[in-house]
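*Asks:* Quick one, data15.tsv (TSV, C-alpha atoms):
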```
chain	number	residue	atom	x	y	z
A	273	MET	CA	76.62	95.36	68.02
A	274	ARG	CA	78.06	98.80	68.73
A	275	LEU	CA	74.81	99.89	70.43
A	276	GLY	CA	74.91	96.78	72.62
A	277	SER	CA	78.47	97.57	73.67
A	278	ILE	CA	77.51	101.13	74.53
A	279	ILE	CA	74.56	99.95	76.60
A	280	LEU	CA	76.77	97.43	78.41
A	281	PHE	CA	79.42	100.09	79.06
A	282	VAL	CA	76.85	102.58	80.39
A	283	ALA	CA	75.26	99.88	82.55
A	284	LEU	CA	78.67	98.90	83.96
A	285	CYS	CA	79.56	102.52	84.72
A	286	SER	CA	76.18	103.09	86.34
A	287	PHE	CA	76.53	99.99	88.50
A	288	THR	CA	80.06	101.01	89.54
A	289	ALA	CA	78.93	104.53	90.44
A	290	TYR	CA	75.96	103.12	92.37
A	291	TYR	CA	78.23	100.74	94.30
A	292	VAL	CA	80.93	103.30	95.05
A	293	TYR	CA	78.64	106.18	96.02
A	294	GLU	CA	77.74	106.58	99.68
A	295	PRO	CA	75.82	109.39	101.40
A	296	ILE	CA	78.93	110.81	103.07
A	297	PRO	CA	78.44	114.16	104.85
A	298	GLU	CA	79.32	117.17	102.71
A	299	ARG	CA	81.63	118.50	105.42
A	300	ILE	CA	84.13	115.69	104.87
A	301	GLU	CA	86.85	116.81	102.47
A	302	GLU	CA	87.98	114.57	99.60
A	303	ARG	CA	84.65	112.76	99.76
A	304	TRP	CA	85.05	110.85	96.50
A	305	LYS	CA	88.48	109.61	97.46
A	306	LEU	CA	86.98	108.36	100.73
A	307	MET	CA	84.12	106.67	98.83
A	308	LEU	CA	86.57	104.91	96.52
A	309	THR	CA	88.77	103.87	99.44
A	310	ASN	CA	85.83	102.55	101.41
A	311	SER	CA	84.48	100.61	98.42
A	312	PHE	CA	87.56	98.40	98.71
A	313	PHE	CA	86.93	97.82	102.42
A	314	ARG	CA	83.23	97.09	101.80
A	315	THR	CA	84.03	94.67	98.99
A	316	LEU	CA	86.52	92.83	101.16
A	317	SER	CA	84.01	92.72	104.02
A	318	HIS	CA	81.33	91.25	101.72
A	319	LEU	CA	83.82	88.65	100.50
A	320	ALA	CA	84.76	87.84	104.10
A	321	ASP	CA	81.09	87.39	105.03
A	322	LEU	CA	80.58	85.09	102.03
A	323	CYS	CA	83.66	82.99	102.78
A	324	GLU	CA	82.61	82.57	106.40
A	325	SER	CA	79.00	81.72	105.52
A	326	VAL	CA	80.07	78.89	103.20
A	327	GLY	CA	82.78	77.66	105.56
A	328	LEU	CA	85.82	78.54	103.42
A	329	LYS	CA	87.54	80.96	105.80
A	330	ASP	CA	86.80	82.93	108.93
A	331	TYR	CA	85.82	86.57	108.47
A	332	MET	CA	88.97	87.97	110.08
A	333	ASP	CA	91.24	85.68	108.05
A	334	VAL	CA	89.93	87.31	104.87
A	335	MET	CA	90.05	90.84	106.30
A	336	TYR	CA	93.69	90.27	107.22
A	337	VAL	CA	94.44	90.93	103.55
A	338	ILE	CA	94.44	94.62	104.52
A	339	THR	CA	97.46	93.96	106.73
A	340	VAL	CA	99.24	91.88	104.11
A	341	ILE	CA	98.83	94.53	101.39
A	342	GLU	CA	100.39	97.24	103.57
A	343	ARG	CA	103.14	95.07	105.08
A	344	ILE	CA	106.71	96.13	104.48
A	345	VAL	CA	110.14	95.15	105.82
A	346	PRO	CA	111.34	98.05	108.01
A	347	VAL	CA	114.93	98.93	107.09
A	348	SER	CA	117.39	101.57	108.17
A	349	ASP	CA	117.90	104.73	106.09
A	350	GLU	CA	120.31	107.66	106.25
A	351	HIS	CA	118.52	109.21	109.23
A	352	VAL	CA	116.91	106.31	111.10
A	353	LYS	CA	118.36	103.07	112.43
A	354	VAL	CA	115.80	100.24	112.48
A	355	THR	CA	116.19	96.96	114.34
A	356	GLU	CA	113.80	94.10	115.07
A	357	GLU	CA	114.12	92.75	118.58
A	358	LYS	CA	112.27	90.88	121.31
A	359	PHE	CA	111.38	92.42	124.65
A	360	ASP	CA	110.38	89.79	127.20
A	361	GLY	CA	109.46	87.46	124.33
A	362	VAL	CA	107.39	89.99	122.38
A	363	GLU	CA	108.48	91.23	118.95
A	364	VAL	CA	109.20	94.95	118.64
A	365	VAL	CA	110.53	97.19	115.89
A	366	VAL	CA	112.90	99.79	117.30
A	367	TYR	CA	113.48	103.09	115.46
A	368	GLN	CA	116.40	105.29	116.59
A	369	PRO	CA	118.15	108.38	115.29
A	370	LYS	CA	121.16	107.17	113.35
A	371	HIS	CA	123.57	109.80	114.61
A	372	GLN	CA	124.11	111.07	118.13
A	373	ASP	CA	126.83	113.19	119.66
A	374	ARG	CA	128.44	111.73	122.74
A	375	ASP	CA	127.59	114.87	124.71
A	376	ALA	CA	123.99	114.98	123.51
A	377	ASP	CA	121.11	114.94	125.97
A	378	LEU	CA	119.15	111.78	126.61
A	379	ARG	CA	116.28	111.26	124.20
A	380	ARG	CA	112.53	111.00	124.42
A	381	ALA	CA	110.86	107.66	123.70
A	382	VAL	CA	107.42	106.74	122.36
A	383	ILE	CA	106.03	103.23	122.74
A	384	TYR	CA	103.57	102.93	119.84
A	385	LEU	CA	100.73	100.40	119.63
A	386	HIS	CA	99.11	99.87	116.24
A	387	GLY	CA	95.37	99.74	115.61
A	388	GLY	CA	93.26	97.18	113.78
A	389	GLY	CA	90.59	96.09	116.24
A	390	TRP	CA	92.99	93.69	118.03
A	391	CYS	CA	92.47	91.38	115.02
A	392	LEU	CA	94.24	93.17	112.17
A	393	GLY	CA	97.23	95.44	111.73
A	394	SER	CA	100.95	95.23	112.30
A	395	SER	CA	103.83	97.43	113.36
A	396	ARG	CA	105.34	96.52	110.00
A	397	MET	CA	102.65	98.24	107.90
A	398	SER	CA	103.83	101.16	105.80
A	399	PRO	CA	101.72	103.90	107.50
A	400	TYR	CA	103.09	102.92	110.92
A	401	ASP	CA	106.60	102.73	109.55
A	402	LEU	CA	106.28	106.24	108.10
A	403	LEU	CA	104.80	107.62	111.34
A	404	ALA	CA	107.60	106.10	113.43
A	405	ARG	CA	110.29	107.61	111.17
A	406	LYS	CA	108.62	111.02	111.34
A	407	ILE	CA	108.54	110.91	115.15
A	408	VAL	CA	112.22	109.89	115.25
A	409	THR	CA	113.41	112.64	112.93
A	410	GLU	CA	111.25	115.47	114.26
A	411	LEU	CA	111.60	114.70	117.98
A	412	ASP	CA	115.04	113.07	118.00
A	413	ALA	CA	113.24	110.25	119.77
A	414	VAL	CA	113.35	106.49	120.04
A	415	VAL	CA	110.18	104.75	118.86
A	416	LEU	CA	109.24	101.28	119.99
A	417	SER	CA	106.56	99.75	117.73
A	418	VAL	CA	105.03	96.66	119.32
A	419	GLU	CA	104.03	93.55	117.36
A	420	TYR	CA	101.56	92.15	119.87
A	421	ARG	CA	99.69	88.91	119.15
A	422	LEU	CA	96.26	89.24	117.57
A	423	ALA	CA	92.75	87.88	118.11
A	424	PRO	CA	90.93	85.70	117.29
A	425	ALA	CA	93.91	83.33	117.57
A	426	HIS	CA	94.79	85.07	120.83
A	427	HIS	CA	91.77	86.42	122.70
A	428	PHE	CA	91.85	89.00	125.51
A	429	PRO	CA	93.93	89.39	127.63
A	430	VAL	CA	96.82	88.15	125.44
A	431	PRO	CA	97.26	91.32	123.30
A	432	TYR	CA	97.12	93.47	126.43
A	433	GLU	CA	99.58	91.23	128.29
A	434	ASP	CA	102.04	91.34	125.39
A	435	VAL	CA	102.00	95.13	125.43
A	436	TYR	CA	102.27	95.33	129.20
A	437	ARG	CA	105.32	93.04	129.20
A	438	VAL	CA	107.03	95.23	126.59
A	439	VAL	CA	106.37	98.43	128.55
A	440	LYS	CA	107.56	96.89	131.81
A	441	HIS	CA	110.72	95.60	130.12
A	442	PHE	CA	111.50	98.92	128.47
A	443	LEU	CA	110.96	100.94	131.67
A	444	GLN	CA	114.05	99.49	133.30
A	445	LYS	CA	117.02	101.78	133.92
A	446	GLY	CA	119.43	99.47	132.14
A	447	VAL	CA	117.25	99.10	129.05
A	448	LEU	CA	116.56	102.83	128.81
A	449	ALA	CA	120.27	103.54	129.15
A	450	GLN	CA	120.98	101.11	126.30
A	451	TYR	CA	118.89	103.30	123.99
A	452	SER	CA	120.00	106.64	125.54
A	453	VAL	CA	116.44	107.38	126.71
A	454	ASP	CA	115.58	109.82	129.48
A	455	PRO	CA	113.56	107.86	132.12
A	456	GLU	CA	111.37	110.94	132.67
A	457	ARG	CA	110.42	111.37	128.99
A	458	VAL	CA	108.68	108.15	127.95
A	459	ALA	CA	105.16	108.11	126.45
A	460	VAL	CA	102.80	105.38	125.36
A	461	SER	CA	100.59	105.97	122.35
A	462	GLY	CA	98.31	104.15	119.94
A	463	ASP	CA	95.45	104.50	117.51
A	464	SER	CA	92.03	102.83	117.75
A	465	ALA	CA	92.60	99.43	119.43
A	466	GLY	CA	96.16	100.57	120.06
A	467	GLY	CA	94.74	103.56	121.91
A	468	ASN	CA	92.74	101.12	124.02
A	469	LEU	CA	95.90	99.20	124.92
A	470	ALA	CA	97.81	102.43	125.62
A	471	ALA	CA	95.11	103.67	128.01
A	472	ALA	CA	94.90	100.29	129.77
A	473	VAL	CA	98.67	100.04	130.21
A	474	SER	CA	98.82	103.59	131.59
A	475	GLN	CA	96.19	102.72	134.18
A	476	GLN	CA	97.60	99.38	135.25
A	477	LEU	CA	101.22	100.50	135.38
A	478	GLN	CA	100.47	103.03	138.13
A	479	LYS	CA	99.22	100.16	140.31
A	480	GLU	CA	102.37	98.10	139.82
A	481	PRO	CA	104.15	97.69	143.18
A	482	GLY	CA	107.71	98.93	143.09
A	483	GLN	CA	107.44	100.51	139.62
A	484	GLN	CA	110.05	103.26	139.84
A	485	ILE	CA	109.94	104.68	136.31
A	486	LYS	CA	106.60	106.17	135.31
A	487	LEU	CA	105.15	107.18	131.97
A	488	ARG	CA	105.31	110.89	131.23
A	489	ALA	CA	102.38	110.99	128.81
A	490	GLN	CA	99.73	109.00	126.99
A	491	ALA	CA	98.55	109.89	123.49
A	492	LEU	CA	95.32	108.20	122.43
A	493	LEU	CA	94.26	108.53	118.79
A	494	TYR	CA	90.52	107.88	118.24
A	495	PRO	CA	90.68	105.20	120.97
A	496	VAL	CA	88.12	102.47	121.67
A	497	LEU	CA	87.56	102.49	125.41
A	498	GLN	CA	84.42	100.58	126.38
A	499	ALA	CA	82.29	97.63	125.27
A	500	LEU	CA	79.32	98.01	127.60
A	501	ASP	CA	77.19	100.44	125.59
A	502	LEU	CA	77.43	100.06	121.83
A	503	LYS	CA	74.59	102.51	121.15
A	504	THR	CA	76.11	105.79	122.23
A	505	PRO	CA	75.16	108.75	120.01
A	506	SER	CA	78.31	108.30	117.91
A	507	TYR	CA	77.60	104.60	117.39
A	508	GLN	CA	74.12	105.54	116.18
A	509	GLN	CA	75.05	108.62	114.14
A	510	ASN	CA	77.97	106.88	112.40
A	511	GLN	CA	76.71	103.31	112.16
A	512	ASP	CA	77.21	103.24	108.37
A	513	MET	CA	80.15	105.63	108.14
A	514	PRO	CA	83.18	104.58	106.03
A	515	ILE	CA	86.17	102.64	107.32
A	516	LEU	CA	84.62	101.57	110.65
A	517	PRO	CA	80.86	100.98	110.53
A	518	ARG	CA	79.17	99.83	113.74
A	519	THR	CA	78.90	96.22	112.55
A	520	LEU	CA	82.65	95.95	112.07
A	521	MET	CA	83.48	97.56	115.43
A	522	VAL	CA	81.07	95.22	117.20
A	523	ARG	CA	82.67	92.28	115.41
A	524	PHE	CA	86.11	93.42	116.54
A	525	TRP	CA	84.90	93.57	120.14
A	526	SER	CA	83.28	90.14	120.02
A	527	GLU	CA	86.31	88.52	118.36
A	528	TYR	CA	88.58	90.09	120.98
A	529	PHE	CA	86.64	88.22	123.65
A	530	THR	CA	85.41	85.01	121.98
A	531	SER	CA	84.86	83.31	118.63
A	532	ASN	CA	81.33	82.29	119.64
A	533	LYS	CA	78.95	84.04	117.22
A	534	ALA	CA	76.17	84.13	119.81
A	535	PHE	CA	78.08	86.84	121.65
A	536	PHE	CA	78.43	88.86	118.45
A	537	ARG	CA	74.67	88.72	117.93
A	538	ALA	CA	74.08	89.78	121.55
A	539	MET	CA	76.48	92.71	121.15
A	540	MET	CA	74.79	93.81	117.93
A	541	ALA	CA	71.52	94.03	119.87
A	542	ASN	CA	73.30	95.82	122.76
A	543	ALA	CA	71.96	93.04	124.99
A	544	HIS	CA	75.27	91.51	126.05
A	545	ASN	CA	75.68	92.89	129.57
A	546	SER	CA	75.63	90.53	132.53
A	547	PRO	CA	74.60	91.61	136.04
A	548	GLU	CA	78.31	91.96	136.84
A	549	SER	CA	79.14	94.30	133.96
A	550	SER	CA	75.87	96.23	134.34
A	551	ARG	CA	77.05	97.54	137.70
A	552	LEU	CA	79.74	99.45	135.82
A	553	LEU	CA	77.41	101.15	133.33
A	554	LYS	CA	77.57	104.31	135.44
A	555	PHE	CA	81.10	104.88	134.14
A	556	VAL	CA	79.94	104.92	130.51
A	557	ASN	CA	76.67	106.80	130.94
A	558	TRP	CA	76.95	109.19	128.02
A	559	SER	CA	74.10	111.37	129.27
A	560	ALA	CA	76.41	112.32	132.16
A	561	PHE	CA	79.81	112.51	130.45
A	562	LEU	CA	79.07	113.83	126.95
A	563	PRO	CA	78.63	117.58	126.40
A	564	GLU	CA	75.06	118.46	125.42
A	565	SER	CA	76.09	119.33	121.86
A	566	TYR	CA	76.84	115.64	121.19
A	567	HIS	CA	73.51	114.35	122.52
A	568	LYS	CA	71.64	115.64	119.46
A	569	GLU	CA	68.33	113.82	118.98
A	570	TYR	CA	69.41	110.74	120.90
A	571	ASN	CA	68.00	109.83	124.31
A	572	TYR	CA	69.86	107.71	126.81
A	573	THR	CA	68.55	104.20	127.43
A	574	ALA	CA	70.54	101.87	129.65
A	575	PRO	CA	71.64	98.70	127.82
A	576	ALA	CA	69.66	95.55	128.57
A	577	VAL	CA	70.98	93.14	131.18
A	578	THR	CA	70.90	89.43	130.33
A	579	GLN	CA	70.53	87.02	133.22
A	580	GLY	CA	72.42	83.72	133.20
A	581	VAL	CA	73.02	83.43	129.45
A	582	ASP	CA	76.79	83.86	129.70
A	583	GLU	CA	77.44	80.77	131.83
A	584	GLU	CA	74.85	78.73	129.96
A	585	VAL	CA	76.28	79.48	126.51
A	586	PHE	CA	79.97	80.14	127.17
A	587	GLY	CA	80.78	78.48	130.50
A	588	MET	CA	82.14	80.00	133.70
A	589	ASP	CA	84.90	81.95	131.90
A	590	GLY	CA	82.60	83.55	129.35
A	591	PRO	CA	83.14	86.95	127.73
A	592	SER	CA	81.08	88.80	130.33
A	593	GLN	CA	84.01	88.31	132.71
A	594	SER	CA	86.14	90.24	130.23
A	595	LEU	CA	83.46	92.89	129.67
A	596	ALA	CA	83.87	94.09	133.25
A	597	ASP	CA	87.68	94.08	133.09
A	598	PRO	CA	89.17	97.62	132.84
A	599	ARG	CA	92.17	96.17	131.00
A	600	ALA	CA	89.72	95.61	128.14
A	601	SER	CA	87.54	98.70	128.75
A	602	PRO	CA	89.64	101.47	130.35
A	603	LEU	CA	86.57	103.68	130.82
A	604	LEU	CA	85.43	101.32	133.58
A	605	VAL	CA	88.05	102.30	136.15
A	606	PRO	CA	86.71	104.19	139.18
A	607	ASP	CA	87.47	107.89	139.54
A	608	ALA	CA	89.97	107.22	142.34
A	609	ASP	CA	92.22	105.38	139.87
A	610	LEU	CA	92.34	108.25	137.38
A	611	HIS	CA	93.89	111.14	139.29
A	612	SER	CA	97.47	109.85	139.19
A	613	LEU	CA	97.53	109.08	135.47
A	614	PRO	CA	100.01	110.84	133.15
A	615	LYS	CA	98.95	113.83	131.05
A	616	ALA	CA	96.87	112.83	128.05
A	617	TYR	CA	96.36	113.75	124.41
A	618	ILE	CA	93.05	112.46	123.06
A	619	LEU	CA	92.15	112.76	119.38
A	620	THR	CA	88.54	112.23	118.32
A	621	CYS	CA	86.70	112.45	115.00
A	622	GLU	CA	83.12	113.58	114.43
A	623	TYR	CA	82.35	110.83	111.92
A	624	ASP	CA	83.57	107.89	114.00
A	625	VAL	CA	81.60	105.38	116.06
A	626	LEU	CA	84.30	105.73	118.73
A	627	ARG	CA	83.97	109.49	119.07
A	628	ASP	CA	82.06	109.36	122.34
A	629	ASP	CA	84.48	106.91	123.97
A	630	GLY	CA	87.29	109.43	123.64
A	631	ILE	CA	85.16	112.41	124.69
A	632	MET	CA	83.83	110.63	127.79
A	633	TYR	CA	87.36	109.65	128.81
A	634	ALA	CA	88.59	113.22	128.36
A	635	THR	CA	85.70	114.43	130.55
A	636	ARG	CA	86.44	111.94	133.31
A	637	LEU	CA	90.21	112.53	133.24
A	638	ARG	CA	89.74	116.29	133.54
A	639	ALA	CA	87.31	115.84	136.43
A	640	ALA	CA	89.99	113.73	138.15
A	641	GLY	CA	92.55	116.52	137.76
A	642	VAL	CA	94.57	115.02	134.89
A	643	GLU	CA	95.99	117.45	132.33
A	644	VAL	CA	94.16	116.68	129.06
A	645	THR	CA	94.51	118.02	125.54
A	646	HIS	CA	91.42	116.99	123.58
A	647	GLN	CA	91.68	117.62	119.85
A	648	HIS	CA	88.43	117.04	118.00
A	649	TYR	CA	88.24	117.03	114.20
A	650	ASP	CA	84.82	118.15	112.99
A	651	THR	CA	85.46	116.68	109.53
A	652	GLY	CA	87.45	113.63	110.69
A	653	PHE	CA	86.66	109.95	110.19
A	654	HIS	CA	88.02	106.85	111.86
A	655	GLY	CA	91.51	105.81	110.85
A	656	ALA	CA	92.20	109.08	109.03
A	657	LEU	CA	95.66	109.57	110.50
A	658	MET	CA	96.90	106.35	108.88
A	659	PHE	CA	95.89	107.36	105.34
A	660	THR	CA	99.25	108.86	104.41
A	661	VAL	CA	100.36	106.53	101.61
A	662	TRP	CA	99.41	107.07	97.95
A	663	PRO	CA	96.80	106.53	96.54
A	664	THR	CA	94.89	106.71	99.83
A	665	ASP	CA	96.66	109.80	101.16
A	666	PHE	CA	94.31	112.37	102.70
A	667	LEU	CA	94.98	116.00	103.58
A	668	ILE	CA	93.43	115.56	107.01
A	669	ALA	CA	95.97	112.83	107.78
A	670	CYS	CA	98.81	115.33	107.36
A	671	ARG	CA	97.14	117.82	109.70
A	672	MET	CA	96.47	115.14	112.31
A	673	THR	CA	100.05	113.90	112.16
A	674	ASP	CA	101.51	117.39	112.46
A	675	ASN	CA	99.31	118.27	115.46
A	676	TYR	CA	100.01	114.95	117.17
A	677	ILE	CA	103.78	115.31	116.81
A	678	LYS	CA	103.58	118.96	117.87
A	679	TRP	CA	101.88	117.89	121.11
A	680	LEU	CA	104.53	115.22	121.74
A	681	LYS	CA	107.27	117.79	121.13
A	682	GLU	CA	105.74	120.20	123.65
A	683	ASN	CA	104.72	117.70	126.31
A	684	LEU	CA	107.30	114.93	126.30
```
Give the structure from the file, written as structure tokens.

*Replies:*
Amino acid sequence: MRLGSIILFVALCSFTAYYVYEPIPERIEERWKLMLTNSFFRTLSHLADLCESVGLKDYMDVMYVITVIERIVPVSDEHVKVTEEKFDGVEVVVYQPKHQDRDADLRRAVIYLHGGGWCLGSSRMSPYDLLARKIVTELDAVVLSVEYRLAPAHHFPVPYEDVYRVVKHFLQKGVLAQYSVDPERVAVSGDSAGGNLAAAVSQQLQKEPGQQIKLRAQALLYPVLQALDLKTPSYQQNQDMPILPRTLMVRFWSEYFTSNKAFFRAMMANAHNSPESSRLLKFVNWSAFLPESYHKEYNYTAPAVTQGVDEEVFGMDGPSQSLADPRASPLLVPDADLHSLPKAYILTCEYDVLRDDGIMYATRLRAAGVEVTHQHYDTGFHGALMFTVWPTDFLIACRMTDNYIKWLKENL
């Protein structure tokens, strides 16, 4: 009986170790912590796949558990005043320094857009709450954290439009004065899908007729910036990397546009471009915009173009219309629309499918004459900056946060 228990225990330990272990590059620090963290995400993803396959729940409904687990109620503390408000009908969480002298200078402001693939995440998650408080206390700034509506319940362009309405509302003299914000020291920032929204808002705001108050800076943290080519070198190199494997990123893109699974399958095969979107592939040609060191063993092949399938399967307003929209893929804007953009901070990670999106955007912005600070983490992985809460707190997250806030302090 005792021998049987020992065998069962050894077998269970072996199975657990086999399941948890992943061939993560040696360069990544705290590898076992990352393996353990990712085993939770993989387990949840397998459960989500199972639930969807048997018709119990949609994939994203199950994955939303990640948001629920991290959700908190933001409250004021001795240093930071927190209020929940609505700007032009959109929920926002406003963080402000609690004390201010009457003769004090006007403050900076950061409009922050959370990540989560447009389908998950919330401004009320503990990592975002902690980041907002740190920005407030270290920069004496006001932070506006936007609770935009999520896909798949609200497909593109709803999340973008929510964010744009908030930014437009905030950038009014009367509103800025209400929060003691300097009109010349406002930045927009976001991570992952939030970085996508931040880049899109920065681009579109400059085209707004009569917009008097401009953004001073944009800070994009491992942003997702294009959906036309999902086989860039970073998508291939990091297709099975923890936190954001290629399959999950492709699913996020497809759910942002449509709930039709046929489009997801087309995107997985990188055969989702229509003739309309294919004309814009020149803006995401990684062989032209990526430094040679990132090409590695990969050779550029233009994505396949599918004729007529979009209208046949999805109707006239199919997702290919959205594919070609720069509000969804900011990398698609022509060079002429880049030169007047605010200075940019772009953070990229080596072990991230989105690495090349950020690098290509930095290359194009610099070529257009925009001041760019590109900070690349050779040992970084997607989402790292948000892993600041025990037990999933990583050393690299502290370094990323410190460098990000340092840039804001020096440039805003």

*Asks:* Work out how far atom CA of Leu469 of chain A is from atom CA of Cys391 of chain A, in Å to one decimal.

*Replies:*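 A separation of 13.1 Å between them.
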
*Asks:* For a cut-off of 8 Å around (92.2, 106.0, 110.8), file coordinates, pick out all residues using only C-alpha atoms and list them as a list of chain:residue names.

*Replies:* A:Asp463, A:Ser464, A:Tyr494, A:Ile515, A:Phe653, A:His654, A:Gly655, A:Ala656, A:Leu657, A:Met658, A:Phe659

*Asks:* I'd like to know which of A:Lys486, A:Arg638, A:Arg314, A:His351 is closest to Ala413 of chain A, using only C-alpha atoms.

*Replies:* A:His351

*Asks:* At most 7 Å is the cut-off: for each residue in segment 483-589 of chain A with any atom that close to an atom of segment 596-617 of chain A, write down the nearest atom pair and the distance in Å rounded to one decimal, counting all atoms listed in the file, chain first then increasing number, as a Markdown table.

*Replies:*
```
| residue | atom | partner | partner_atom | distance |
| --- | --- | --- | --- | --- |
| A:Leu487 | CA | A:Pro614 | CA | 6.4 |
| A:Arg488 | CA | A:Pro614 | CA | 5.6 |
| A:Ala489 | CA | A:Pro614 | CA | 4.9 |
| A:Gln490 | CA | A:Ala616 | CA | 4.9 |
| A:Ala491 | CA | A:Tyr617 | CA | 4.5 |
| A:Leu492 | CA | A:Tyr617 | CA | 6.0 |
| A:Leu497 | CA | A:Ser601 | CA | 5.1 |
| A:Gln498 | CA | A:Ser601 | CA | 4.3 |
| A:Ala499 | CA | A:Ser601 | CA | 6.4 |
| A:Glu548 | CA | A:Ala596 | CA | 7.0 |
| A:Ser549 | CA | A:Ala596 | CA | 4.8 |
| A:Leu552 | CA | A:Leu604 | CA | 6.4 |
| A:Phe555 | CA | A:Leu604 | CA | 5.6 |
| A:Val556 | CA | A:Leu603 | CA | 6.8 |
```

*Asks:* Nearest to Ser452 of chain A: which of A:Ala472, A:Ala376, A:Val337, A:Ile407 is it, counting all atoms listed in the file?

*Replies:*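 Using all atoms listed in the file, Ser452 of chain A sits closest to A:Ala376.
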
*Asks:* Which residue out of A:Ile341, A:Leu411, A:Leu443, A:Ala471 has the minimum interatomic distance to Tyr676 of chain A when only C-alpha atoms are used?

*Replies:* A:Leu411

*Asks:* As a ChimeraX atom specification, please: the residues near segment 397-405 of chain A (cut-off 10 Å, all atoms listed in the file, same-chain neighbours under 2 positions excluded).

*Replies:* /A:338-349,351-354,365-369,382-387,393-395,407-417,657-661,673,677

*Asks:* Rounded to one decimal place, report the atom CA of Gly652 of chain A-atom CA of Ser461 of chain A distance in Å.

*Replies:* 19.2 Å

*Asks:* So how many Å separate atom CA of Lys681 of chain A and atom CA of Tyr451 of chain A, to one decimal?

*Replies:* 18.8 Å

*Asks:* Give me the residues near segment 520-529 of chain A as a PyMOL selection string, where near means some atom within 6 Å (using all atoms listed in the file) and where sequence neighbours in that chain fewer than 4 positions away do not count.

*Replies:* chain A and resi 389+423-424+427-428+536+591

*Asks:* I'd like the box whose edges run along x, y and z of the file and which contains every listed atom of segment 460-477 of chain A, padded by 4 Å per side; could you state its centre and edge lengths in Å, one decimal, as JSON?

*Replies:*
```
{"center_x": 97.4, "center_y": 102.6, "center_z": 126.4, "size_x": 18.8, "size_y": 14.8, "size_z": 25.9}
```

*Asks:* I'd like to know which of A:Val496, A:Tyr336, A:Met540, A:Asn675 is closest to Gln511 of chain A, using all atoms listed in the file.

*Replies:*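 Between A:Val496, A:Tyr336, A:Met540, A:Asn675, the residue approaching Gln511 of chain A most closely is A:Met540.
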
*Asks:* Can you work out which one of A:Val453, A:Ala640, A:Val362, A:Leu553 has the shortest atom-to-atom distance to Val435 of chain A, counting only C-alpha atoms?

*Replies:*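 Answer, going by the shortest atom-to-atom distance: A:Val362.
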
*Asks:* Looking at A:Val460, A:Trp662, A:Ser550, A:Lys440, which one is nearest to Ser592 of chain A, with distances taken over all atoms listed in the file?

*Replies:* A:Ser550

*Asks:* What's the 7 Å shell around Thr578 of chain A, counting all atoms listed in the file, without same-chain residues fewer than 5 positions away, as a PDB file with C-alpha atoms, keeping the file's coordinate frame?

*Replies:*
```pdb
ATOM      1  CA  ALA A 543      71.960  93.040 124.990  1.00  0.00           C
ATOM      2  CA  HIS A 544      75.270  91.510 126.050  1.00  0.00           C
ATOM      3  CA  ASN A 545      75.680  92.890 129.570  1.00  0.00           C
ATOM      4  CA  SER A 546      75.630  90.530 132.530  1.00  0.00           C
TER       5      SER A 546
END
```

*Asks:* Can you tell me which residues surround Asn310 of chain A at a distance of at most 10 Å, considering only C-alpha atoms, apart from same-chain residues fewer than 4 positions away, and format the answer as a list in words?

*Replies:* Val292, Tyr293, Glu294, Trp304, Lys305, Leu306, Arg314, Thr315, Leu316, Met513, Pro514, Ile515 and Leu516 of chain A

*Asks:* So that I can check the surroundings of Glu622 of chain A, please list as a PyMOL selection string every protein, DNA and RNA residue that reaches within 10 Å of it, counting all atoms listed in the file and ignoring chain neighbours fewer than 2 positions away.

*Replies:* chain A and resi 300+506+509-510+566+620+624-628+648-654

*Asks:* Pull N, CA and C atoms for segment 389-397 of chain A from the block and write them as a short mmCIF file (atom, residue, chain, number, x, y, z; two decimals), in the first residue's frame.

*Replies:*
```
data_model
loop_
_atom_site.label_atom_id
_atom_site.label_comp_id
_atom_site.auth_asym_id
_atom_site.auth_seq_id
_atom_site.Cartn_x
_atom_site.Cartn_y
_atom_site.Cartn_z
N GLY A 389 -5.87 42.74 -25.00
CA GLY A 389 -6.33 42.29 -26.31
C GLY A 389 -7.71 42.79 -26.69
N TRP A 390 -8.11 43.95 -26.18
CA TRP A 390 -9.43 44.55 -26.41
C TRP A 390 -10.58 43.70 -25.89
N CYS A 391 -10.26 42.52 -25.33
CA CYS A 391 -11.30 41.59 -24.88
C CYS A 391 -11.27 41.36 -23.37
N LEU A 392 -10.12 41.58 -22.77
CA LEU A 392 -9.92 41.35 -21.34
C LEU A 392 -9.37 42.63 -20.72
N GLY A 393 -9.21 42.61 -19.40
CA GLY A 393 -8.58 43.72 -18.72
C GLY A 393 -9.57 44.75 -18.22
N SER A 394 -9.06 45.60 -17.32
CA SER A 394 -9.89 46.64 -16.72
C SER A 394 -8.99 47.65 -16.04
N SER A 395 -9.42 48.89 -16.01
CA SER A 395 -8.68 49.91 -15.28
C SER A 395 -8.72 49.65 -13.79
N ARG A 396 -9.62 48.77 -13.36
CA ARG A 396 -9.78 48.48 -11.94
C ARG A 396 -9.03 47.21 -11.51
N MET A 397 -8.07 46.77 -12.30
CA MET A 397 -7.23 45.63 -11.90
C MET A 397 -6.08 46.14 -11.04
#
```
